[in-house]
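Pasted below: my_file.txt, compact mmCIF, C-alpha atoms.
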```
# COMPACT_ATOMS: atom_id res chain seq x y z
CA MET K 1313 -79.09 33.49 -18.11
CA LYS K 1314 -75.50 34.46 -18.95
CA LYS K 1315 -74.63 34.36 -15.24
CA ALA K 1316 -76.09 30.86 -14.96
CA VAL K 1317 -74.03 29.63 -17.92
CA ALA K 1318 -70.88 31.19 -16.50
CA LEU K 1319 -71.52 29.58 -13.14
CA MET K 1320 -71.97 26.18 -14.79
CA ILE K 1321 -68.65 26.59 -16.65
CA VAL K 1322 -66.81 27.47 -13.42
CA MET K 1323 -68.26 24.44 -11.64
CA ALA K 1324 -67.22 22.18 -14.50
CA VAL K 1325 -63.64 23.46 -14.32
CA VAL K 1326 -63.50 22.92 -10.54
CA LEU K 1327 -64.77 19.36 -10.89
CA ALA K 1328 -62.26 18.63 -13.63
CA VAL K 1329 -59.34 19.93 -11.56
CA THR K 1330 -60.50 17.95 -8.54
CA ALA K 1331 -60.72 14.78 -10.60
CA CYS K 1332 -57.13 15.25 -11.80
CA THR K 1333 -55.67 15.84 -8.31
CA PRO K 1334 -53.69 12.80 -6.93
CA ALA K 1335 -55.50 10.92 -4.20
CA THR K 1336 -52.53 11.21 -1.84
CA GLU K 1337 -52.82 14.99 -1.90
CA SER K 1338 -56.61 15.02 -1.41
CA LYS K 1339 -56.23 12.75 1.65
CA ALA K 1340 -53.60 14.79 3.49
CA PRO K 1341 -54.29 14.63 7.24
CA ALA K 1342 -55.26 17.76 9.15
CA ASP K 1343 -53.39 19.06 12.17
CA ASN K 1344 -55.09 20.24 15.38
CA SER K 1345 -55.66 23.70 13.95
CA GLY K 1346 -57.73 22.30 11.11
CA ASN K 1347 -55.08 23.13 8.45
CA ALA K 1348 -53.68 20.47 6.11
CA ALA K 1349 -50.47 19.03 7.63
CA GLU K 1350 -47.30 18.89 5.52
CA GLN K 1351 -46.81 15.26 4.49
CA PRO K 1352 -43.22 13.82 4.52
CA ALA K 1353 -41.93 12.14 1.39
CA ALA K 1354 -42.99 8.51 1.20
CA SER K 1355 -39.37 7.26 1.20
CA ASN K 1356 -38.69 9.02 4.52
CA GLU K 1357 -41.84 7.52 5.99
CA GLN K 1358 -41.00 3.96 4.99
CA ALA K 1359 -37.20 3.65 5.14
CA ALA K 1360 -35.37 3.09 8.40
CA PRO K 1361 -32.35 5.33 9.08
CA SER K 1362 -29.34 3.88 7.27
CA GLU K 1363 -26.50 2.66 9.47
CA LYS K 1364 -22.98 3.82 8.73
CA LEU K 1365 -20.84 0.85 7.73
CA VAL K 1366 -17.79 0.49 9.95
CA HIS K 1367 -14.48 -1.04 8.91
CA SER K 1368 -14.10 -4.49 10.45
CA ASN K 1369 -10.64 -3.64 11.81
CA ALA K 1370 -11.26 0.01 12.70
CA ASP K 1371 -10.28 -0.57 16.34
CA ASP K 1372 -6.67 -0.75 15.14
CA PHE K 1373 -6.76 2.62 13.34
CA ASP K 1374 -4.57 5.45 14.58
CA TYR K 1375 -5.76 8.34 12.43
CA ILE K 1376 -3.23 10.65 10.81
CA GLU K 1377 -6.05 12.28 8.83
CA GLY K 1378 -9.67 11.68 9.84
CA PRO K 1379 -12.54 10.20 7.84
CA GLY K 1380 -13.79 12.43 5.06
CA THR K 1381 -10.28 13.49 4.05
CA VAL K 1382 -8.22 12.45 1.05
CA PHE K 1383 -4.47 12.12 1.37
CA ASP K 1384 -2.61 14.48 -0.98
CA ILE K 1385 -0.49 11.80 -2.59
CA ASN K 1386 0.49 13.92 -5.59
CA THR K 1387 2.11 16.64 -3.46
CA TYR K 1388 3.73 13.99 -1.28
CA TYR K 1389 5.60 12.53 -4.25
CA LYS K 1390 6.24 15.89 -5.85
CA ASN K 1391 8.18 16.82 -2.71
CA VAL K 1392 10.60 13.94 -3.36
CA GLY K 1393 10.99 14.78 -7.05
CA ILE K 1394 8.53 12.24 -8.48
CA ASP K 1395 5.77 13.12 -10.93
CA CYS K 1396 2.51 11.70 -9.63
CA ASP K 1397 -1.02 12.10 -10.98
CA VAL K 1398 -3.16 9.77 -8.89
CA THR K 1399 -6.74 10.02 -7.69
CA LEU K 1400 -7.49 8.28 -4.39
CA LEU K 1401 -11.13 7.20 -4.55
CA SER K 1402 -11.72 6.39 -0.88
CA THR K 1403 -12.30 9.08 1.71
CA GLY K 1404 -11.91 7.04 4.89
CA GLY K 1405 -8.83 8.98 6.00
CA THR K 1406 -5.17 8.10 6.51
CA VAL K 1407 -4.28 5.65 9.28
CA ARG K 1408 -1.44 3.89 11.01
CA VAL K 1409 -2.01 0.25 11.91
CA PRO K 1410 -0.04 -2.47 13.72
CA ASP K 1411 1.38 -5.43 11.83
CA HIS K 1412 -0.97 -7.79 13.64
CA MET K 1413 -4.68 -6.95 13.89
CA THR K 1414 -6.34 -7.11 17.29
CA SER K 1415 -9.67 -8.00 15.64
CA PRO K 1416 -10.42 -10.93 13.30
CA MET K 1417 -10.13 -10.68 9.55
CA PRO K 1418 -13.37 -9.66 7.81
CA GLN K 1419 -15.46 -12.55 6.54
CA ALA K 1420 -16.69 -12.44 2.95
CA LYS K 1421 -20.48 -12.05 2.80
CA GLU K 1422 -20.59 -13.84 -0.54
CA ALA K 1423 -18.46 -16.34 -2.45
CA TYR K 1424 -16.03 -13.70 -3.66
CA THR K 1425 -13.31 -14.37 -6.21
CA VAL K 1426 -10.36 -11.97 -6.06
CA GLY K 1427 -7.35 -11.62 -8.36
CA PHE K 1428 -3.93 -10.72 -6.97
CA SER K 1429 -1.11 -9.78 -9.35
CA VAL K 1430 2.25 -9.50 -7.60
CA TYR K 1431 5.14 -7.63 -9.21
CA TYR K 1432 7.90 -10.20 -8.55
CA THR K 1433 8.60 -13.20 -6.32
CA VAL K 1434 12.27 -13.93 -6.95
CA ASP K 1435 13.29 -11.99 -3.86
CA GLU K 1436 12.24 -13.29 -0.47
CA TYR K 1437 9.99 -10.34 0.33
CA GLY K 1438 7.86 -10.89 -2.78
CA ALA K 1439 7.65 -14.62 -2.12
CA ILE K 1440 6.50 -14.11 1.48
CA LEU K 1441 4.02 -11.48 0.32
CA LEU K 1442 2.44 -13.91 -2.14
CA GLU K 1443 2.15 -16.76 0.37
CA SER K 1444 0.80 -14.40 3.02
CA MET K 1445 -1.83 -13.06 0.63
CA LYS K 1446 -2.98 -16.65 0.03
CA ASP K 1447 -3.24 -17.15 3.80
CA ALA K 1448 -5.14 -13.88 4.22
CA ALA K 1449 -7.59 -14.94 1.52
CA VAL K 1450 -8.25 -18.23 3.32
CA ALA K 1451 -8.77 -16.32 6.59
CA SER K 1452 -11.44 -14.16 4.92
CA GLY K 1453 -13.12 -16.93 2.91
CA ILE K 1454 -11.92 -15.57 -0.43
CA ASN K 1455 -11.19 -17.59 -3.57
CA LEU K 1456 -7.85 -16.07 -4.65
CA LEU K 1457 -6.45 -16.09 -8.17
CA VAL K 1458 -2.72 -15.27 -8.28
CA HIS K 1459 -0.39 -14.00 -10.97
CA ASP K 1460 3.36 -13.38 -10.77
CA ALA K 1461 4.08 -10.58 -13.26
CA ASN K 1462 7.87 -10.97 -12.93
CA TYR K 1463 8.30 -7.23 -13.45
CA ASP K 1464 6.47 -7.34 -16.80
CA GLN K 1465 3.71 -4.72 -16.90
CA ASN K 1466 2.26 -6.10 -20.12
CA ALA K 1467 1.85 -9.50 -18.48
CA GLN K 1468 0.20 -7.89 -15.47
CA ASN K 1469 -2.17 -5.91 -17.73
CA GLN K 1470 -3.20 -9.08 -19.55
CA ALA K 1471 -3.83 -10.97 -16.33
CA VAL K 1472 -6.09 -8.24 -14.98
CA GLU K 1473 -7.92 -7.97 -18.31
CA GLN K 1474 -8.71 -11.68 -18.10
CA TRP K 1475 -10.02 -11.26 -14.57
CA ILE K 1476 -12.24 -8.40 -15.69
CA LEU K 1477 -13.67 -10.54 -18.49
CA ALA K 1478 -14.22 -13.37 -16.02
CA GLY K 1479 -16.16 -11.03 -13.75
CA VAL K 1480 -14.09 -11.29 -10.58
CA ASP K 1481 -15.41 -9.52 -7.49
CA GLY K 1482 -12.22 -7.65 -6.64
CA VAL K 1483 -8.56 -7.17 -7.60
CA ILE K 1484 -5.32 -6.38 -5.77
CA VAL K 1485 -2.55 -4.96 -7.95
CA ALA K 1486 1.09 -4.69 -6.89
CA PRO K 1487 2.29 -2.62 -9.89
CA CYS K 1488 5.35 -3.41 -11.98
CA ASP K 1489 5.48 -0.12 -13.89
CA PHE K 1490 4.02 2.58 -11.69
CA THR K 1491 2.88 4.81 -14.55
CA GLY K 1492 2.31 2.03 -17.09
CA VAL K 1493 -0.26 0.44 -14.77
CA LYS K 1494 -2.66 3.35 -15.39
CA GLY K 1495 -4.50 1.62 -18.26
CA THR K 1496 -5.22 -1.40 -16.10
CA LEU K 1497 -6.50 0.74 -13.24
CA ASP K 1498 -8.71 2.66 -15.66
CA GLU K 1499 -10.20 -0.60 -16.95
CA LEU K 1500 -10.94 -1.80 -13.41
CA GLN K 1501 -12.61 1.48 -12.57
CA ASP K 1502 -14.66 1.47 -15.78
CA ALA K 1503 -15.74 -2.12 -15.06
CA GLY K 1504 -16.93 -1.14 -11.59
CA ILE K 1505 -14.75 -3.76 -9.91
CA PRO K 1506 -13.48 -2.89 -6.40
CA TYR K 1507 -9.68 -2.84 -6.34
CA VAL K 1508 -6.76 -1.66 -4.25
CA THR K 1509 -3.06 -1.29 -5.03
CA PHE K 1510 -0.35 -2.73 -2.85
CA ASN K 1511 2.27 -0.07 -3.59
CA PRO K 1512 1.09 3.36 -4.75
CA PRO K 1513 0.78 3.87 -8.51
CA LEU K 1514 2.04 7.13 -10.00
CA ALA K 1515 -0.80 7.52 -12.50
CA GLY K 1516 -4.49 6.66 -12.66
CA ALA K 1517 -6.88 6.05 -9.79
CA THR K 1518 -7.03 3.60 -6.91
CA TYR K 1519 -9.36 3.13 -3.99
CA ALA K 1520 -6.59 2.59 -1.47
CA VAL K 1521 -2.86 2.09 -1.05
CA GLN K 1522 -0.98 -0.10 1.42
CA SER K 1523 2.19 1.65 2.52
CA CYS K 1524 4.87 2.33 5.12
CA ASP K 1525 6.78 5.50 5.93
CA PHE K 1526 9.46 4.88 3.33
CA ILE K 1527 11.16 8.23 3.97
CA GLU K 1528 11.64 7.12 7.56
CA GLN K 1529 13.10 3.81 6.34
CA GLY K 1530 15.75 5.59 4.28
CA ARG K 1531 16.55 7.99 7.09
CA ILE K 1532 17.04 5.21 9.66
CA ALA K 1533 19.25 3.23 7.25
CA GLY K 1534 21.27 6.38 6.58
CA GLU K 1535 21.70 7.08 10.28
CA MET K 1536 22.90 3.54 10.96
CA LEU K 1537 25.49 3.81 8.18
CA ARG K 1538 26.62 7.30 9.20
CA ASP K 1539 26.98 6.35 12.87
CA ALA K 1540 28.93 3.19 12.02
CA ILE K 1541 31.32 5.10 9.75
CA ILE K 1542 31.98 7.67 12.45
CA ALA K 1543 32.38 4.94 15.09
CA GLU K 1544 35.11 3.41 12.92
CA GLY K 1545 37.01 6.70 13.17
CA LYS K 1546 36.72 7.44 9.45
CA ASP K 1547 36.54 10.98 8.13
CA MET K 1548 33.33 11.79 6.30
CA ASN K 1549 35.26 12.30 3.10
CA GLY K 1550 34.96 9.79 0.27
CA VAL K 1551 32.48 7.61 -1.61
CA VAL K 1552 29.29 5.95 -0.42
CA VAL K 1553 27.67 3.55 -2.90
CA TYR K 1554 24.01 2.66 -2.94
CA GLN K 1555 22.13 0.22 -5.15
CA ASN K 1556 18.72 0.96 -6.58
CA LEU K 1557 16.23 -0.40 -9.12
CA PRO K 1558 16.74 0.60 -12.79
CA PHE K 1559 13.29 2.25 -13.05
CA VAL K 1560 11.20 4.77 -11.14
CA HIS K 1561 9.75 3.17 -8.02
CA PRO K 1562 7.86 5.36 -5.51
CA ASN K 1563 9.22 3.43 -2.53
CA ALA K 1564 12.77 3.78 -3.83
CA ALA K 1565 12.40 7.53 -4.36
CA THR K 1566 11.10 8.09 -0.85
CA ARG K 1567 13.77 5.88 0.73
CA TRP K 1568 16.44 7.80 -1.15
CA ASP K 1569 14.98 11.09 0.11
CA GLY K 1570 15.29 9.90 3.71
CA PHE K 1571 18.80 8.51 3.21
CA ASN K 1572 20.00 11.63 1.44
CA SER K 1573 18.67 13.84 4.24
CA VAL K 1574 21.27 12.24 6.52
CA PHE K 1575 24.28 12.51 4.19
CA LYS K 1576 23.64 15.90 2.63
CA GLU K 1577 25.18 17.48 5.73
CA PHE K 1578 28.51 15.99 4.63
CA PRO K 1579 29.51 17.85 1.44
CA ASP K 1580 32.71 15.82 1.08
CA VAL K 1581 30.83 12.54 0.77
CA GLU K 1582 30.09 11.56 -2.83
CA ILE K 1583 27.14 9.21 -3.23
CA ILE K 1584 27.27 6.86 -6.22
CA GLU K 1585 24.15 5.10 -7.50
CA LEU K 1586 24.22 1.62 -9.07
CA THR K 1587 21.21 -0.33 -10.32
CA GLY K 1588 20.00 -3.88 -10.81
CA ILE K 1589 17.05 -6.18 -10.19
CA SER K 1590 18.27 -9.64 -9.21
CA PRO K 1591 20.81 -10.37 -6.45
CA GLU K 1592 23.20 -11.56 -9.19
CA GLU K 1593 23.02 -8.22 -11.00
CA HIS K 1594 23.67 -6.35 -7.77
CA TYR K 1595 26.57 -8.66 -6.98
CA VAL K 1596 28.28 -7.86 -10.29
CA ALA K 1597 27.62 -4.13 -9.98
CA PHE K 1598 28.99 -3.95 -6.45
CA GLU K 1599 32.00 -6.07 -7.35
CA GLY K 1600 32.88 -3.43 -9.94
CA ALA K 1601 32.29 -0.62 -7.46
CA MET K 1602 34.68 -2.12 -4.92
CA SER K 1603 37.39 -2.16 -7.59
CA ALA K 1604 36.59 1.35 -8.78
CA TYR K 1605 36.45 2.83 -5.26
CA PRO K 1606 38.97 0.93 -3.10
CA ASP K 1607 38.63 3.49 -0.28
CA MET K 1608 34.82 3.28 -0.19
CA LEU K 1609 33.46 4.61 3.12
CA GLY K 1610 30.35 2.51 3.13
CA ALA K 1611 27.36 1.27 1.16
CA TRP K 1612 23.61 1.10 1.37
CA ALA K 1613 21.25 -1.50 -0.09
CA LEU K 1614 17.93 0.17 -0.89
CA TYR K 1615 16.01 -3.14 -0.95
CA ASP K 1616 16.51 -6.85 -0.34
CA SER K 1617 17.90 -8.09 -3.67
CA ALA K 1618 20.50 -5.34 -3.51
CA ALA K 1619 21.37 -6.24 0.08
CA VAL K 1620 21.90 -9.92 -0.71
CA GLY K 1621 23.98 -9.23 -3.82
CA MET K 1622 26.13 -6.55 -2.14
CA MET K 1623 26.70 -8.61 1.00
CA ASN K 1624 27.78 -11.67 -0.96
CA ALA K 1625 30.12 -9.63 -3.16
CA LYS K 1626 31.64 -8.00 -0.08
CA LYS K 1627 32.20 -11.38 1.58
CA ALA K 1628 33.69 -12.91 -1.57
CA ALA K 1629 36.17 -10.03 -1.81
CA ASN K 1630 36.93 -10.26 1.91
CA ARG K 1631 36.07 -6.58 2.28
CA ASN K 1632 35.09 -6.52 5.92
CA ASP K 1633 36.13 -2.86 6.01
CA ILE K 1634 33.07 -1.83 3.95
CA ILE K 1635 30.15 -0.92 6.21
CA LEU K 1636 26.79 -1.90 4.74
CA SER K 1637 23.27 -0.97 5.86
CA ALA K 1638 20.08 -2.31 4.34
CA ILE K 1639 16.29 -2.31 4.13
CA ASP K 1640 14.00 -5.38 4.31
CA PRO K 1641 13.63 -8.36 6.68
CA ASP K 1642 14.94 -11.23 4.54
CA GLN K 1643 16.45 -14.16 6.41
CA GLN K 1644 19.80 -13.71 4.62
CA ILE K 1645 19.89 -10.05 5.64
CA LEU K 1646 19.19 -10.85 9.28
CA LYS K 1647 21.86 -13.56 9.21
CA GLY K 1648 24.25 -10.98 7.73
CA ILE K 1649 23.58 -8.68 10.68
CA TYR K 1650 24.23 -11.47 13.16
CA GLU K 1651 27.52 -12.36 11.46
CA GLY K 1652 28.68 -8.75 11.15
CA ASP K 1653 28.40 -8.37 7.37
CA ILE K 1654 25.59 -5.81 7.65
CA VAL K 1655 25.46 -3.16 10.36
CA GLY K 1656 21.66 -3.03 10.43
CA THR K 1657 18.45 -3.02 8.42
CA VAL K 1658 15.01 -1.42 8.53
CA CYS K 1659 12.23 -4.01 8.62
CA PHE K 1660 8.53 -4.02 7.89
CA SER K 1661 6.24 -6.99 7.65
CA PRO K 1662 5.16 -8.53 4.32
CA ILE K 1663 2.75 -10.68 6.32
CA GLY K 1664 1.13 -7.65 7.91
CA GLN K 1665 0.97 -5.86 4.58
CA ALA K 1666 -0.77 -8.83 2.94
CA TYR K 1667 -3.38 -9.19 5.66
CA TRP K 1668 -4.15 -5.47 5.80
CA THR K 1669 -4.42 -5.26 2.01
CA MET K 1670 -6.90 -8.14 1.97
CA SER K 1671 -8.85 -6.60 4.84
CA GLN K 1672 -9.10 -3.34 2.93
CA LEU K 1673 -10.40 -5.02 -0.21
CA VAL K 1674 -12.99 -7.16 1.61
CA ASN K 1675 -14.29 -4.12 3.45
CA LEU K 1676 -14.43 -2.20 0.17
CA MET K 1677 -16.45 -5.02 -1.43
CA HIS K 1678 -18.82 -4.79 1.55
CA GLY K 1679 -19.42 -1.11 0.82
CA VAL K 1680 -17.24 0.45 3.52
CA ASP K 1681 -15.52 3.78 2.84
CA ILE K 1682 -12.04 2.49 3.64
CA PRO K 1683 -8.93 4.55 4.48
CA ALA K 1684 -7.15 5.54 1.29
CA MET K 1685 -3.71 5.26 2.91
CA VAL K 1686 -2.69 2.63 5.46
CA TYR K 1687 0.76 2.79 7.07
CA LEU K 1688 2.41 -0.17 8.79
CA PRO K 1689 5.29 0.31 11.25
CA ASN K 1690 9.03 0.20 10.61
CA ARG K 1691 11.59 -1.38 12.93
CA LYS K 1692 15.31 -0.75 13.23
CA VAL K 1693 17.17 -4.06 13.51
CA THR K 1694 20.79 -4.40 14.66
CA THR K 1695 22.85 -7.11 16.37
CA GLU K 1696 21.08 -6.24 19.63
CA ASN K 1697 17.61 -7.34 18.51
CA VAL K 1698 18.21 -9.42 15.39
CA ALA K 1699 17.24 -12.78 16.95
CA GLU K 1700 13.95 -11.35 18.21
CA ALA K 1701 13.29 -9.67 14.85
CA PHE K 1702 13.93 -12.93 13.01
CA GLU K 1703 11.16 -14.70 14.92
CA TYR K 1704 8.82 -11.71 14.51
CA TYR K 1705 9.15 -11.43 10.72
CA HIS K 1706 9.45 -15.19 10.14
CA PRO K 1707 6.91 -16.81 12.48
CA GLY K 1708 7.69 -20.37 13.51
CA LYS K 1709 11.38 -19.98 12.71
CA THR K 1710 14.42 -18.94 14.71
CA LEU K 1711 17.68 -17.31 13.75
CA GLN K 1712 19.61 -20.21 15.25
CA GLY K 1713 17.57 -22.68 13.23
CA TYR K 1714 18.37 -20.73 10.08
CA LEU K 1715 22.07 -20.66 10.95
CA ASP K 1716 21.93 -24.44 11.48
CA GLY K 1717 20.43 -24.92 8.00
CA LYS K 1718 17.05 -26.22 9.19
CA TYR K 1719 15.20 -24.10 6.63
```

In structure tokens, what does this structure look like?
Amino acid sequence: MKKAVALMIVMAVVLAVTACTPATESKAPADNSGNAAEQPAASNEQAAPSEKLVHSNADDFDYIEGPGTVFDINTYYKNVGIDCDVTLLSTGGTVRVPDHMTSPMPQAKEAYTVGFSVYYTVDEYGAILLESMKDAAVASGINLLVHDANYDQNAQNQAVEQWILAGVDGVIVAPCDFTGVKGTLDELQDAGIPYVTFNPPLAGATYAVQSCDFIEQGRIAGEMLRDAIIAEGKDMNGVVVYQNLPFVHPNAATRWDGFNSVFKEFPDVEIIELTGISPEEHYVAFEGAMSAYPDMLGAWALYDSAAVGMMNAKKAANRNDIILSAIDPDQQILKGIYEGDIVGTVCFSPIGQAYWTMSQLVNLMHGVDIPAMVYLPNRKVTTENVAEAFEYYHPGKTLQGYLDGKY
């Protein structure tokens, strides 16, 4: 009797366990050997293999570092004496690209609204950058909101905050203060809004940076100035003046590193730094330098506002003996090369930078793991190729037309 009761209890337990077993497990198919086959997870059974999203303009990529890598931007700037604490969020590698894409601009999959805050548009480079970004937005089907920060980081912060509140789909930031922009970048990241920075910040995080080899720019400008001084038969003994911005700018620091690498081999050359923002400020500063250093060997303009101010001051003082090299492709700078006021400049395209920055953001909004660093090419421009360079960097215009006052 006890055995019968025990048997009944065991059967009851077995039935209870069977009743609690999920139906999917009880219906597992058998393989040819008669054993239950291992059943794949339902998601693997139902989902098709995901396709890797490819950048719309990837055919133009020349990889410096391949996909899956993150450019060590902090060490890069540390090597030129700049404190940098930046996290690059994209892992699509580091690439070189041409100014002009061989493939069409990406087309927005939705009615995207994007905010673009530009640092400054008083100089020609900033003005061309802004207009080119508008054109790039039209080419991609983007509704673009624009803000000129006029080198006021607080104003830029407020503009981006308003865009975040409005729920924009993406943001492009060309920083004013490269460490002070951190709070704005943090807010964009916290809001989950895709964003890229035009020039590299020195603090915070960004998905991607649009850049050039700025060390190379400074080196080429330094070599042009050095070679011109030597060609004039001058001894490399005296003062060279250069004009910079009055705050830390990553592009300025890297250009200086390249320039200094050329002149540090001449211990008897003293390099004097002056600062300013507008062409007028650089004019006044260089006017004073010409008086203070009457035997100046030469001068270097680190960016376009400096070049315009220094060139005009030199011309007003009739100091044709001062050799000047520059960086940037402004029309006035190229005219100065043609007329002999500037020995040469290093150019890169604001149009190309605008289009590539917009391409990066649109691809990011589409879910592509974009390159974190994109480098556009530099070009050395002298009297030999200045007319060609003018048409390249200012499409639809000619150097002769500019000289004739047509635009």

Requested in this report: Give me the residues within 6 Å of range 1596-1613 of chain K as a PyMOL selection string, counting all atoms listed in the file and dropping any in the same chain fewer than 6 places off.
Outcome: chain K and resi 1551-1555+1619+1622+1625+1634-1638

Write the residues of the selection above to a file with C-alpha atoms, as a PDB file, in the frame of the given file.
```pdb
ATOM      1  CA  VAL K1551      32.480   7.610  -1.610  1.00  0.00           C
ATOM      2  CA  VAL K1552      29.290   5.950  -0.420  1.00  0.00           C
ATOM      3  CA  VAL K1553      27.670   3.550  -2.900  1.00  0.00           C
ATOM      4  CA  TYR K1554      24.010   2.660  -2.940  1.00  0.00           C
ATOM      5  CA  GLN K1555      22.130   0.220  -5.150  1.00  0.00           C
ATOM      6  CA  ALA K1619      21.370  -6.240   0.080  1.00  0.00           C
ATOM      7  CA  MET K1622      26.130  -6.550  -2.140  1.00  0.00           C
ATOM      8  CA  ALA K1625      30.120  -9.630  -3.160  1.00  0.00           C
ATOM      9  CA  ILE K1634      33.070  -1.830   3.950  1.00  0.00           C
ATOM     10  CA  ILE K1635      30.150  -0.920   6.210  1.00  0.00           C
ATOM     11  CA  LEU K1636      26.790  -1.900   4.740  1.00  0.00           C
ATOM     12  CA  SER K1637      23.270  -0.970   5.860  1.00  0.00           C
ATOM     13  CA  ALA K1638      20.080  -2.310   4.340  1.00  0.00           C
TER      14      ALA K1638
END
```

**Report entry** Selected residue, from K:Tyr1615, K:Tyr1687, K:Trp1668, K:Tyr1388, that lies nearest to Met1417 in chain K when counting all atoms listed in the file
**Finding:** K:Trp1668

Identify the residues within 8 Å of coordinate (16.7, -4.6, 8.2) (same frame as the file), considering all atoms listed in the file, and give the answer as a compact mmCIF listing (two decimals) with C-alpha atoms, keeping the file's coordinate frame.
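Written output follows (point.txt):
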```txt
# COMPACT_ATOMS: atom_id res chain seq x y z
CA SER K 1637 23.27 -0.97 5.86
CA ALA K 1638 20.08 -2.31 4.34
CA ILE K 1639 16.29 -2.31 4.13
CA ASP K 1640 14.00 -5.38 4.31
CA PRO K 1641 13.63 -8.36 6.68
CA ASP K 1642 14.94 -11.23 4.54
CA ILE K 1645 19.89 -10.05 5.64
CA LEU K 1646 19.19 -10.85 9.28
CA GLY K 1656 21.66 -3.03 10.43
CA THR K 1657 18.45 -3.02 8.42
CA VAL K 1658 15.01 -1.42 8.53
CA CYS K 1659 12.23 -4.01 8.62
CA ARG K 1691 11.59 -1.38 12.93
CA LYS K 1692 15.31 -0.75 13.23
CA VAL K 1693 17.17 -4.06 13.51
CA THR K 1694 20.79 -4.40 14.66
```

Requested in this report: Mind checking which residues fall within 6 Å of Val1430 in chain K, counting all atoms listed in the file, ignoring those fewer than 2 positions away in the same chain, and posting them as a PyMOL selection string?
Outcome: chain K and resi 1432+1460+1486

For those residues, write C-alpha atoms to a file as a tab-separated table (two decimals), in the coordinates of the input.
```
chain	number	residue	atom	x	y	z
K	1432	TYR	CA	7.90	-10.20	-8.55
K	1460	ASP	CA	3.36	-13.38	-10.77
K	1486	ALA	CA	1.09	-4.69	-6.89
```

Query raised in the report: Could you pull the residues within 12 Å of Lys1576 in chain K, counting all atoms listed in the file, minus those fewer than 4 positions along the same chain, as a list in words?
Result: Arg1531, Gly1534, Glu1535, Arg1538, Met1548, Val1552, Trp1568, Asp1569, Gly1570, Phe1571, Asn1572, Asp1580, Val1581, Glu1582 and Ile1583 of chain K

Requested in this report: Have a look at CA of Ser1661 in chain K and CA of Leu1441 in chain K and let me know their distance in Å, one decimal.
Outcome: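 Straight-line distance from CA of Ser1661 in chain K to CA of Leu1441 in chain K works out to 8.9 Å.
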
Requested in this report: Figure out the distance between CA of Leu1497 in chain K and CA of Ala1423 in chain K, please, to one decimal in Å.
Outcome: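 Separation of CA of Ala1423 in chain K and CA of Leu1497 in chain K: 23.5 Å.
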
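Neighbouring residues of Asp1411 in chain K at 7 Å or closer, counting only C-alpha atoms and skipping chain neighbours under 4 positions away, are Ser1661, Gly1664, Leu1688 and Pro1689 of chain K.
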
For the residues selected in the previous step, produce a file with C-alpha atoms as a short mmCIF file (atom, residue, chain, number, x, y, z; two decimals), keeping the file's coordinate frame.
```
data_model
loop_
_atom_site.label_atom_id
_atom_site.label_comp_id
_atom_site.auth_asym_id
_atom_site.auth_seq_id
_atom_site.Cartn_x
_atom_site.Cartn_y
_atom_site.Cartn_z
CA SER K 1661 6.24 -6.99 7.65
CA GLY K 1664 1.13 -7.65 7.91
CA LEU K 1688 2.41 -0.17 8.79
CA PRO K 1689 5.29 0.31 11.25
#
```

Quick one: residues within 8 Å of Ala1540 in chain K, all atoms listed in the file counted, chain neighbours fewer than 3 positions away excluded, as a JSON list (two decimals) with C-alpha atoms, in the frame of the given file?
```
[["chain", "number", "residue", "atom", "x", "y", "z"],
["K", 1536, "MET", "CA", 22.90, 3.54, 10.96],
["K", 1537, "LEU", "CA", 25.49, 3.81, 8.18],
["K", 1543, "ALA", "CA", 32.38, 4.94, 15.09],
["K", 1544, "GLU", "CA", 35.11, 3.41, 12.92],
["K", 1635, "ILE", "CA", 30.15, -0.92, 6.21],
["K", 1655, "VAL", "CA", 25.46, -3.16, 10.36]]
```

Query raised in the report: Which one of K:Gly1545, K:Gly1492, K:Gly1708, K:Gly1405 sits closest to Tyr1463 in chain K if you count all atoms listed in the file?
Result: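 When distances to Tyr1463 in chain K are compared using all atoms listed in the file, the smallest one comes from K:Gly1492.
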
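Nearest residue to Thr1695 in chain K among K:Glu1651, K:Glu1593, K:Asp1384, K:Asp1633 is K:Glu1651, counting only C-alpha atoms.
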
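Remark: for Asp1374 in chain K, the closest of the candidate residues K:Val1698, K:Val1409, K:Ile1394, K:Val1434 is K:Val1409 (distances computed over all atoms listed in the file).
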
Report task. Could you tell me how far CA of Gln1644 in chain K lies from CA of Gly1530 in chain K, in Å and to one decimal? Result ->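 Rounded to one decimal, the two atoms are 19.7 Å apart.
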
**Report entry** Residue nearest Pro1418 in chain K - candidates K:Tyr1714, K:Tyr1667, K:Phe1383, K:Phe1526, atoms counted: all atoms listed in the file
**Finding:** K:Tyr1667

Query raised in the report: Counting only C-alpha atoms, which of K:Ser1573, K:Phe1702, K:Pro1662, K:Met1670 gets nearest to Tyr1650 in chain K?
Result: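 Nearest candidate to Tyr1650 in chain K out of K:Ser1573, K:Phe1702, K:Pro1662, K:Met1670: K:Phe1702.
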
For range 1614-1715 of chain K against range 1557-1566 of chain K, with a cut-off of 10 Å and counting only C-alpha atoms, what is the closest atom pair and its distance in Å to one decimal for every residue that makes the cut, ordered by chain and number, as JSON lines?
```
{"residue": "K:Leu1614", "atom": "CA", "partner": "K:Ala1564", "partner_atom": "CA", "distance": 6.9}
{"residue": "K:Tyr1615", "atom": "CA", "partner": "K:Ala1564", "partner_atom": "CA", "distance": 8.2}
{"residue": "K:Ser1617", "atom": "CA", "partner": "K:Leu1557", "partner_atom": "CA", "distance": 9.6}
{"residue": "K:Ala1618", "atom": "CA", "partner": "K:Leu1557", "partner_atom": "CA", "distance": 8.6}
```
